[in-house]
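*Asks:* The structure that follows is given in the form of structure tokens.
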Amino acid sequence: VVPVTKGNGYGFGNRTLAAESTVIGVATLAVGTYEEMPHVFDTFAGDILVLTPWRPWQTGSVDDDRVIHTVSRVDDLHRLAVRGRHPRVVVELMTSMRRHGIEVTELPDVAKLLEAVRFEGCAMHLPLAGDHHQAAAAPLVEQALDAIHEYTDRRTIWLSHVTPAQGAAIGGPATTDVRLRVATAMWLGDRTSLRARATVLDVHQVRRGQSYGYRQRRAWRHGTILVIAGGTAHGISLEAPTPATTARQRVVAVAQGGLDAMGKALSPFRVSGKRRWFAEPPHMQCSMIWLPGDVKPPAIGDEVDVDVRFTTTAFDHIVWEGKQ
Ligand SMILES: *Cc1c(COP(=O)(O)O)cnc(C)c1O
């Protein structure tokens with residue numbers, strides 16, 4: 001298993017996940033970009049695989065013995081090879097994902113360059129949807145290994161977005177050594193063990209007709225304004241575009257967009273068991289939430305649950321409870 005850490009470190013921070021990878025005792029940790037490498041380099045002493053393919057403008061740490069580069073173009077492999085320093089490389093193969101990768105037809109050109117680098121295997125990034133992509137992956141592995149076997153006896157493949165069973169099915173026929181690159185299933189695998197919470201900073205009773213907020217909207221009935229810690233700086237309400245693939249998901253997205261257009265948006269903050277409306281768009285470090293007059297407001301200092309994505313939220317602090 002090759003744990004992956006990148007971005008906000010899946011809510012925990014890259015340094016925390018690097019430390020966790022050290023505890024687990026894995027040989028290799030993957031990061032998303034070259035820019036993220038300094039976050040993990042001192043905390044994790046093993047090898048570091050960079051998932052973003054190497055490009056000629058990446059001049060730092062090219063020959064570092066701990067760094068494994070992903071190469072997705074023959075031209076880039078050529079540039080690394082001619083430097084004469086034998087950098088460590090994984091060759092990314094093009095899959096139906098169509099993000100980065102070398103086509104199988106180009107592999108004879110790749111093979112000739114492998115003597116000038118330390119070849120660590122081939123990588124495949126499979127789409128999340130559909131088993132048929134996985135069915136196509138096993139023949140691709142065999143084809144790839146055939147194309148290069150005269151130049152290397154390394155039979156390692158690095159896979160993404162597959163379960164251990166799928167990894168075995170893909171790598172098994174060609175008897176390869178399979179490395180699974182995993183993040184979400186590993187760091188956020190048991191969501192019931194994680195809780196995001198926000199602190200109530202202020203509570204204000206508002207009468208019908210009274211105005212509030214930056215925009216001086218008027219309350220159309222009696223209620224409570226809650227000022228809750230957590231705003232745009234924490235990623236509150238900065239949502240990734242919905243992948244809405246089903247009709248129902250599209251209806252929900254359109255309905256949500258319509259409410260947004262009316263200046264009404266559902267907040268991720270849960271008060272008395274329900275997500276509540278923003279009183280106005282979130283501010284940088286806090287949010288103003290509207291609570292109807294018939295709901296008993298929480299007290300200042302109380303914590304409320306927040307429904308947020310861990311990959312887009314910047315938490316102020318992390319509290320570890322129970323067994324360490
Ligand atoms: C981010 C990433 C992963 C980890 O993805 P999860 O779905 O979070 O497990 C694996 N492979 C590549 C190439 C990635 O960019």
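Here's how to read the names in the structure tokens: chain A, B, ... by the order shown, residue numbers from 1 in each chain, ligand numbers from 1 in the order shown.
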Let me see if you get this right: every residue at most 7 Å from ligand 1, counting only C-alpha atoms and all ligand atoms, written as an MDAnalysis selection string.
*Replies:* chainID A and resid 4 32 51 125 160:161 181:185
*Asks:* Keeping only all heavy atoms, write those residues as a PDB file, in the first residue's frame.
*Replies:*
```pdb
ATOM      1  N   VAL A   4      -1.463   8.080  -0.033  1.00  0.00           N
ATOM      2  CA  VAL A   4      -1.331   9.339  -0.762  1.00  0.00           C
ATOM      3  C   VAL A   4      -1.730  10.465   0.178  1.00  0.00           C
ATOM      4  O   VAL A   4      -2.750  10.374   0.862  1.00  0.00           O
ATOM      5  CB  VAL A   4      -2.277   9.368  -1.987  1.00  0.00           C
ATOM      6  CG1 VAL A   4      -2.193  10.725  -2.701  1.00  0.00           C
ATOM      7  CG2 VAL A   4      -1.962   8.235  -2.960  1.00  0.00           C
ATOM      8  N   GLY A  32       0.787  14.820  -4.136  1.00  0.00           N
ATOM      9  CA  GLY A  32       0.181  15.249  -5.390  1.00  0.00           C
ATOM     10  C   GLY A  32       1.134  16.036  -6.266  1.00  0.00           C
ATOM     11  O   GLY A  32       1.193  15.827  -7.476  1.00  0.00           O
ATOM     12  N   LEU A  51       2.857  12.388  -7.772  1.00  0.00           N
ATOM     13  CA  LEU A  51       1.832  11.930  -8.716  1.00  0.00           C
ATOM     14  C   LEU A  51       1.705  12.816  -9.949  1.00  0.00           C
ATOM     15  O   LEU A  51       1.394  12.337 -11.032  1.00  0.00           O
ATOM     16  CB  LEU A  51       0.476  11.842  -8.000  1.00  0.00           C
ATOM     17  CG  LEU A  51       0.407  10.787  -6.892  1.00  0.00           C
ATOM     18  CD1 LEU A  51      -0.869  10.952  -6.078  1.00  0.00           C
ATOM     19  CD2 LEU A  51       0.507   9.382  -7.460  1.00  0.00           C
ATOM     20  N   HIS A 125      -3.831   5.037 -13.751  1.00  0.00           N
ATOM     21  CA  HIS A 125      -4.840   5.799 -13.007  1.00  0.00           C
ATOM     22  C   HIS A 125      -6.172   5.493 -13.671  1.00  0.00           C
ATOM     23  O   HIS A 125      -6.443   5.954 -14.772  1.00  0.00           O
ATOM     24  CB  HIS A 125      -4.485   7.283 -13.134  1.00  0.00           C
ATOM     25  CG  HIS A 125      -5.278   8.175 -12.235  1.00  0.00           C
ATOM     26  ND1 HIS A 125      -5.129   9.530 -12.242  1.00  0.00           N
ATOM     27  CD2 HIS A 125      -6.206   7.916 -11.302  1.00  0.00           C
ATOM     28  CE1 HIS A 125      -5.942  10.071 -11.344  1.00  0.00           C
ATOM     29  NE2 HIS A 125      -6.607   9.101 -10.776  1.00  0.00           N
ATOM     30  N   SER A 160      -4.276   3.126  -9.106  1.00  0.00           N
ATOM     31  CA  SER A 160      -5.092   4.061  -8.320  1.00  0.00           C
ATOM     32  C   SER A 160      -6.550   3.669  -8.459  1.00  0.00           C
ATOM     33  O   SER A 160      -6.968   3.179  -9.504  1.00  0.00           O
ATOM     34  CB  SER A 160      -4.941   5.491  -8.847  1.00  0.00           C
ATOM     35  OG  SER A 160      -3.612   5.909  -8.725  1.00  0.00           O
ATOM     36  N   HIS A 161      -7.314   3.926  -7.387  1.00  0.00           N
ATOM     37  CA  HIS A 161      -8.770   3.739  -7.417  1.00  0.00           C
ATOM     38  C   HIS A 161      -9.198   2.309  -7.687  1.00  0.00           C
ATOM     39  O   HIS A 161     -10.156   2.070  -8.393  1.00  0.00           O
ATOM     40  CB  HIS A 161      -9.423   4.694  -8.434  1.00  0.00           C
ATOM     41  CG  HIS A 161      -9.095   6.114  -8.152  1.00  0.00           C
ATOM     42  ND1 HIS A 161      -8.907   7.045  -9.136  1.00  0.00           N
ATOM     43  CD2 HIS A 161      -8.879   6.755  -6.991  1.00  0.00           C
ATOM     44  CE1 HIS A 161      -8.601   8.208  -8.568  1.00  0.00           C
ATOM     45  NE2 HIS A 161      -8.576   8.050  -7.272  1.00  0.00           N
ATOM     46  N   ARG A 181      -2.196   2.798  -4.654  1.00  0.00           N
ATOM     47  CA  ARG A 181      -2.095   4.185  -4.178  1.00  0.00           C
ATOM     48  C   ARG A 181      -3.458   4.588  -3.628  1.00  0.00           C
ATOM     49  O   ARG A 181      -4.428   4.671  -4.391  1.00  0.00           O
ATOM     50  CB  ARG A 181      -1.680   5.101  -5.333  1.00  0.00           C
ATOM     51  CG  ARG A 181      -0.358   4.639  -5.960  1.00  0.00           C
ATOM     52  CD  ARG A 181       0.085   5.527  -7.091  1.00  0.00           C
ATOM     53  NE  ARG A 181      -0.770   5.437  -8.259  1.00  0.00           N
ATOM     54  CZ  ARG A 181      -0.471   5.968  -9.431  1.00  0.00           C
ATOM     55  NH1 ARG A 181       0.652   6.642  -9.586  1.00  0.00           N
ATOM     56  NH2 ARG A 181      -1.293   5.849 -10.442  1.00  0.00           N
ATOM     57  N   VAL A 182      -3.570   4.768  -2.335  1.00  0.00           N
ATOM     58  CA  VAL A 182      -4.875   5.040  -1.727  1.00  0.00           C
ATOM     59  C   VAL A 182      -4.830   6.223  -0.772  1.00  0.00           C
ATOM     60  O   VAL A 182      -3.863   6.420  -0.042  1.00  0.00           O
ATOM     61  CB  VAL A 182      -5.434   3.845  -0.933  1.00  0.00           C
ATOM     62  CG1 VAL A 182      -6.157   2.871  -1.826  1.00  0.00           C
ATOM     63  CG2 VAL A 182      -4.368   3.150  -0.118  1.00  0.00           C
ATOM     64  N   ALA A 183      -5.934   6.954  -0.772  1.00  0.00           N
ATOM     65  CA  ALA A 183      -6.045   8.067   0.172  1.00  0.00           C
ATOM     66  C   ALA A 183      -7.408   8.027   0.865  1.00  0.00           C
ATOM     67  O   ALA A 183      -7.506   7.704   2.038  1.00  0.00           O
ATOM     68  CB  ALA A 183      -5.823   9.380  -0.558  1.00  0.00           C
ATOM     69  N   THR A 184      -8.461   8.335   0.124  1.00  0.00           N
ATOM     70  CA  THR A 184      -9.785   8.461   0.743  1.00  0.00           C
ATOM     71  C   THR A 184     -10.162   7.217   1.554  1.00  0.00           C
ATOM     72  O   THR A 184     -10.586   7.328   2.706  1.00  0.00           O
ATOM     73  CB  THR A 184     -10.855   8.739  -0.336  1.00  0.00           C
ATOM     74  OG1 THR A 184     -10.432   9.869  -1.097  1.00  0.00           O
ATOM     75  CG2 THR A 184     -12.198   9.043   0.289  1.00  0.00           C
ATOM     76  N   ALA A 185      -9.988   6.054   0.959  1.00  0.00           N
ATOM     77  CA  ALA A 185     -10.392   4.823   1.651  1.00  0.00           C
ATOM     78  C   ALA A 185      -9.548   4.594   2.904  1.00  0.00           C
ATOM     79  O   ALA A 185      -9.975   3.913   3.833  1.00  0.00           O
ATOM     80  CB  ALA A 185     -10.281   3.628   0.710  1.00  0.00           C
TER      81      ALA A 185
END
```
*Asks:* I'd like the contact shell of Phe315 in chain A - 10 Å cut-off, only C-alpha atoms, skipping same-chain residues fewer than 4 positions apart - returned as a ChimeraX atom specification.
*Replies:* /A:8,11-13,196-198,230,233-235,310
*Asks:* Export N, CA and C atoms of the chosen residues as a JSON list (two decimals), in the first residue's frame?
*Replies:*
```
[["chain", "number", "residue", "atom", "x", "y", "z"],
["A", 8, "ASN", "N", -5.06, 19.58, 1.25],
["A", 8, "ASN", "CA", -5.13, 19.93, 2.67],
["A", 8, "ASN", "C", -4.86, 18.70, 3.55],
["A", 11, "GLY", "N", -7.90, 16.91, 5.30],
["A", 11, "GLY", "CA", -8.46, 17.51, 6.51],
["A", 11, "GLY", "C", -7.50, 17.43, 7.69],
["A", 12, "PHE", "N", -6.55, 16.52, 7.64],
["A", 12, "PHE", "CA", -5.63, 16.32, 8.77],
["A", 12, "PHE", "C", -4.33, 17.12, 8.60],
["A", 13, "GLY", "N", -4.01, 17.48, 7.37],
["A", 13, "GLY", "CA", -2.74, 18.14, 7.09],
["A", 13, "GLY", "C", -1.73, 17.13, 6.58],
["A", 196, "ALA", "N", -16.89, 16.74, 12.38],
["A", 196, "ALA", "CA", -16.51, 18.15, 12.22],
["A", 196, "ALA", "C", -17.46, 18.99, 13.05],
["A", 197, "ARG", "N", -16.92, 19.88, 13.85],
["A", 197, "ARG", "CA", -17.74, 20.71, 14.72],
["A", 197, "ARG", "C", -17.34, 22.17, 14.63],
["A", 198, "ALA", "N", -18.29, 23.03, 14.96],
["A", 198, "ALA", "CA", -18.03, 24.47, 14.95],
["A", 198, "ALA", "C", -18.58, 25.09, 16.23],
["A", 230, "GLY", "N", -16.20, 29.57, 11.56],
["A", 230, "GLY", "CA", -16.11, 28.83, 10.29],
["A", 230, "GLY", "C", -16.71, 29.64, 9.17],
["A", 233, "ALA", "N", -12.80, 31.22, 4.79],
["A", 233, "ALA", "CA", -11.38, 30.89, 5.01],
["A", 233, "ALA", "C", -11.21, 29.42, 5.36],
["A", 234, "HIS", "N", -12.25, 28.81, 5.92],
["A", 234, "HIS", "CA", -12.18, 27.39, 6.28],
["A", 234, "HIS", "C", -12.72, 26.50, 5.16],
["A", 235, "GLY", "N", -13.20, 27.15, 4.11],
["A", 235, "GLY", "CA", -13.77, 26.38, 3.01],
["A", 235, "GLY", "C", -15.27, 26.19, 3.14],
["A", 310, "PHE", "N", -14.08, 16.75, 3.92],
["A", 310, "PHE", "CA", -12.79, 16.86, 4.61],
["A", 310, "PHE", "C", -11.68, 17.33, 3.67]]
```
*Asks:* Please return as a JSON list (two decimals) with N, CA and C atoms, in the first residue's frame: the residues of range 267-310 of chain A that backbone DSSP assigns to strand (DSSP E).
*Replies:*
```json
[["chain", "number", "residue", "atom", "x", "y", "z"],
["A", 267, "SER", "N", -26.97, 26.16, 4.87],
["A", 267, "SER", "CA", -25.61, 26.11, 5.43],
["A", 267, "SER", "C", -25.27, 24.67, 5.81],
["A", 268, "PRO", "N", -23.99, 24.38, 6.02],
["A", 268, "PRO", "CA", -23.62, 23.03, 6.47],
["A", 268, "PRO", "C", -23.75, 22.86, 7.98],
["A", 269, "PHE", "N", -24.14, 23.93, 8.69],
["A", 269, "PHE", "CA", -24.21, 23.85, 10.16],
["A", 269, "PHE", "C", -25.52, 23.21, 10.60],
["A", 270, "ARG", "N", -25.42, 22.24, 11.48],
["A", 270, "ARG", "CA", -26.60, 21.55, 12.01],
["A", 270, "ARG", "C", -26.93, 22.08, 13.40],
["A", 271, "VAL", "N", -28.13, 22.61, 13.54],
["A", 271, "VAL", "CA", -28.58, 23.08, 14.85],
["A", 271, "VAL", "C", -29.90, 22.39, 15.15],
["A", 274, "LYS", "N", -30.97, 19.79, 12.40],
["A", 274, "LYS", "CA", -31.26, 20.15, 11.00],
["A", 274, "LYS", "C", -30.23, 21.12, 10.46],
["A", 275, "ARG", "N", -29.92, 20.99, 9.17],
["A", 275, "ARG", "CA", -29.08, 22.02, 8.55],
["A", 275, "ARG", "C", -29.89, 23.30, 8.46],
["A", 276, "ARG", "N", -29.26, 24.41, 8.79],
["A", 276, "ARG", "CA", -29.97, 25.69, 8.85],
["A", 276, "ARG", "C", -29.56, 26.62, 7.72],
["A", 277, "TRP", "N", -30.41, 27.61, 7.41],
["A", 277, "TRP", "CA", -30.13, 28.55, 6.33],
["A", 277, "TRP", "C", -29.09, 29.58, 6.76],
["A", 286, "CYS", "N", -16.27, 33.55, 9.95],
["A", 286, "CYS", "CA", -17.47, 33.05, 10.64],
["A", 286, "CYS", "C", -18.66, 33.14, 9.70],
["A", 287, "SER", "N", -19.76, 32.54, 10.14],
["A", 287, "SER", "CA", -20.98, 32.55, 9.33],
["A", 287, "SER", "C", -22.14, 33.02, 10.19],
["A", 288, "MET", "N", -23.09, 33.72, 9.54],
["A", 288, "MET", "CA", -24.32, 34.12, 10.24],
["A", 288, "MET", "C", -25.44, 33.19, 9.78],
["A", 289, "ILE", "N", -26.06, 32.54, 10.77],
["A", 289, "ILE", "CA", -27.06, 31.52, 10.49],
["A", 289, "ILE", "C", -28.40, 31.96, 11.03],
["A", 290, "TRP", "N", -29.44, 31.70, 10.26],
["A", 290, "TRP", "CA", -30.79, 32.07, 10.68],
["A", 290, "TRP", "C", -31.44, 30.88, 11.38],
["A", 291, "LEU", "N", -31.96, 31.13, 12.60],
["A", 291, "LEU", "CA", -32.68, 30.08, 13.33],
["A", 291, "LEU", "C", -34.09, 30.60, 13.58],
["A", 292, "PRO", "N", -35.12, 29.87, 13.16],
["A", 292, "PRO", "CA", -36.49, 30.34, 13.37],
["A", 292, "PRO", "C", -36.78, 30.55, 14.85],
["A", 303, "GLU", "N", -20.96, 23.65, 20.80],
["A", 303, "GLU", "CA", -20.46, 23.21, 19.49],
["A", 303, "GLU", "C", -21.59, 22.57, 18.71],
["A", 304, "VAL", "N", -21.61, 22.86, 17.41],
["A", 304, "VAL", "CA", -22.62, 22.25, 16.53],
["A", 304, "VAL", "C", -21.91, 21.43, 15.46],
["A", 305, "ASP", "N", -22.58, 20.42, 14.96],
["A", 305, "ASP", "CA", -22.01, 19.61, 13.88],
["A", 305, "ASP", "C", -22.03, 20.36, 12.56],
["A", 306, "VAL", "N", -21.06, 20.08, 11.72],
["A", 306, "VAL", "CA", -20.99, 20.71, 10.39],
["A", 306, "VAL", "C", -20.82, 19.61, 9.35]]
```
*Asks:* Show which residues sit within 8 Å of Ala147 in chain A, as a list in words. Count only C-alpha atoms, and ignore same-chain residues fewer than 5 positions away.
*Replies:* Leu107, Pro108 and Ala111 of chain A
*Asks:* Would you output that residue set with N, CA and C atoms, as a PDB file, in the first residue's frame?
*Replies:*
```
ATOM      1  N   LEU A 107       5.667   2.496 -26.183  1.00  0.00           N
ATOM      2  CA  LEU A 107       6.510   1.806 -25.214  1.00  0.00           C
ATOM      3  C   LEU A 107       7.852   1.314 -25.751  1.00  0.00           C
ATOM      4  N   PRO A 108       7.934   0.932 -27.037  1.00  0.00           N
ATOM      5  CA  PRO A 108       9.264   0.561 -27.542  1.00  0.00           C
ATOM      6  C   PRO A 108      10.270   1.721 -27.406  1.00  0.00           C
ATOM      7  N   ALA A 111      11.221   1.859 -23.708  1.00  0.00           N
ATOM      8  CA  ALA A 111      12.080   0.747 -23.294  1.00  0.00           C
ATOM      9  C   ALA A 111      13.554   1.084 -23.481  1.00  0.00           C
TER      10      ALA A 111
END
```
*Asks:* Check range 50-243 of chain A with DSSP on the backbone and list each residue it calls helix (DSSP H, G or I), as JSON, numbers by chain.
*Replies:* {"A": [74, 75, 76, 77, 78, 79, 80, 81, 82, 104, 105, 106, 107, 108, 109, 110, 111, 112, 113, 114, 115, 116, 132, 133, 134, 135, 136, 137, 138, 139, 140, 141, 142, 143, 144, 145, 146, 147, 148, 164, 165, 166, 167, 168, 169, 170, 171, 184, 185, 186, 187, 191, 192, 193, 232, 233, 234]}
*Asks:* Compile the contact shell of range 35-41 of chain A as a ChimeraX atom specification: residues with an atom at most 9 Å away, counting only C-alpha atoms, same-chain residues fewer than 5 positions apart removed.
*Replies:* /A:5-7,13-19,29,46,48,50
*Asks:* Which one of A:Thr199, A:His86, A:Thr246, A:Met186 sits closest to Glu20 in chain A if you count only C-alpha atoms?
*Replies:* A:Met186
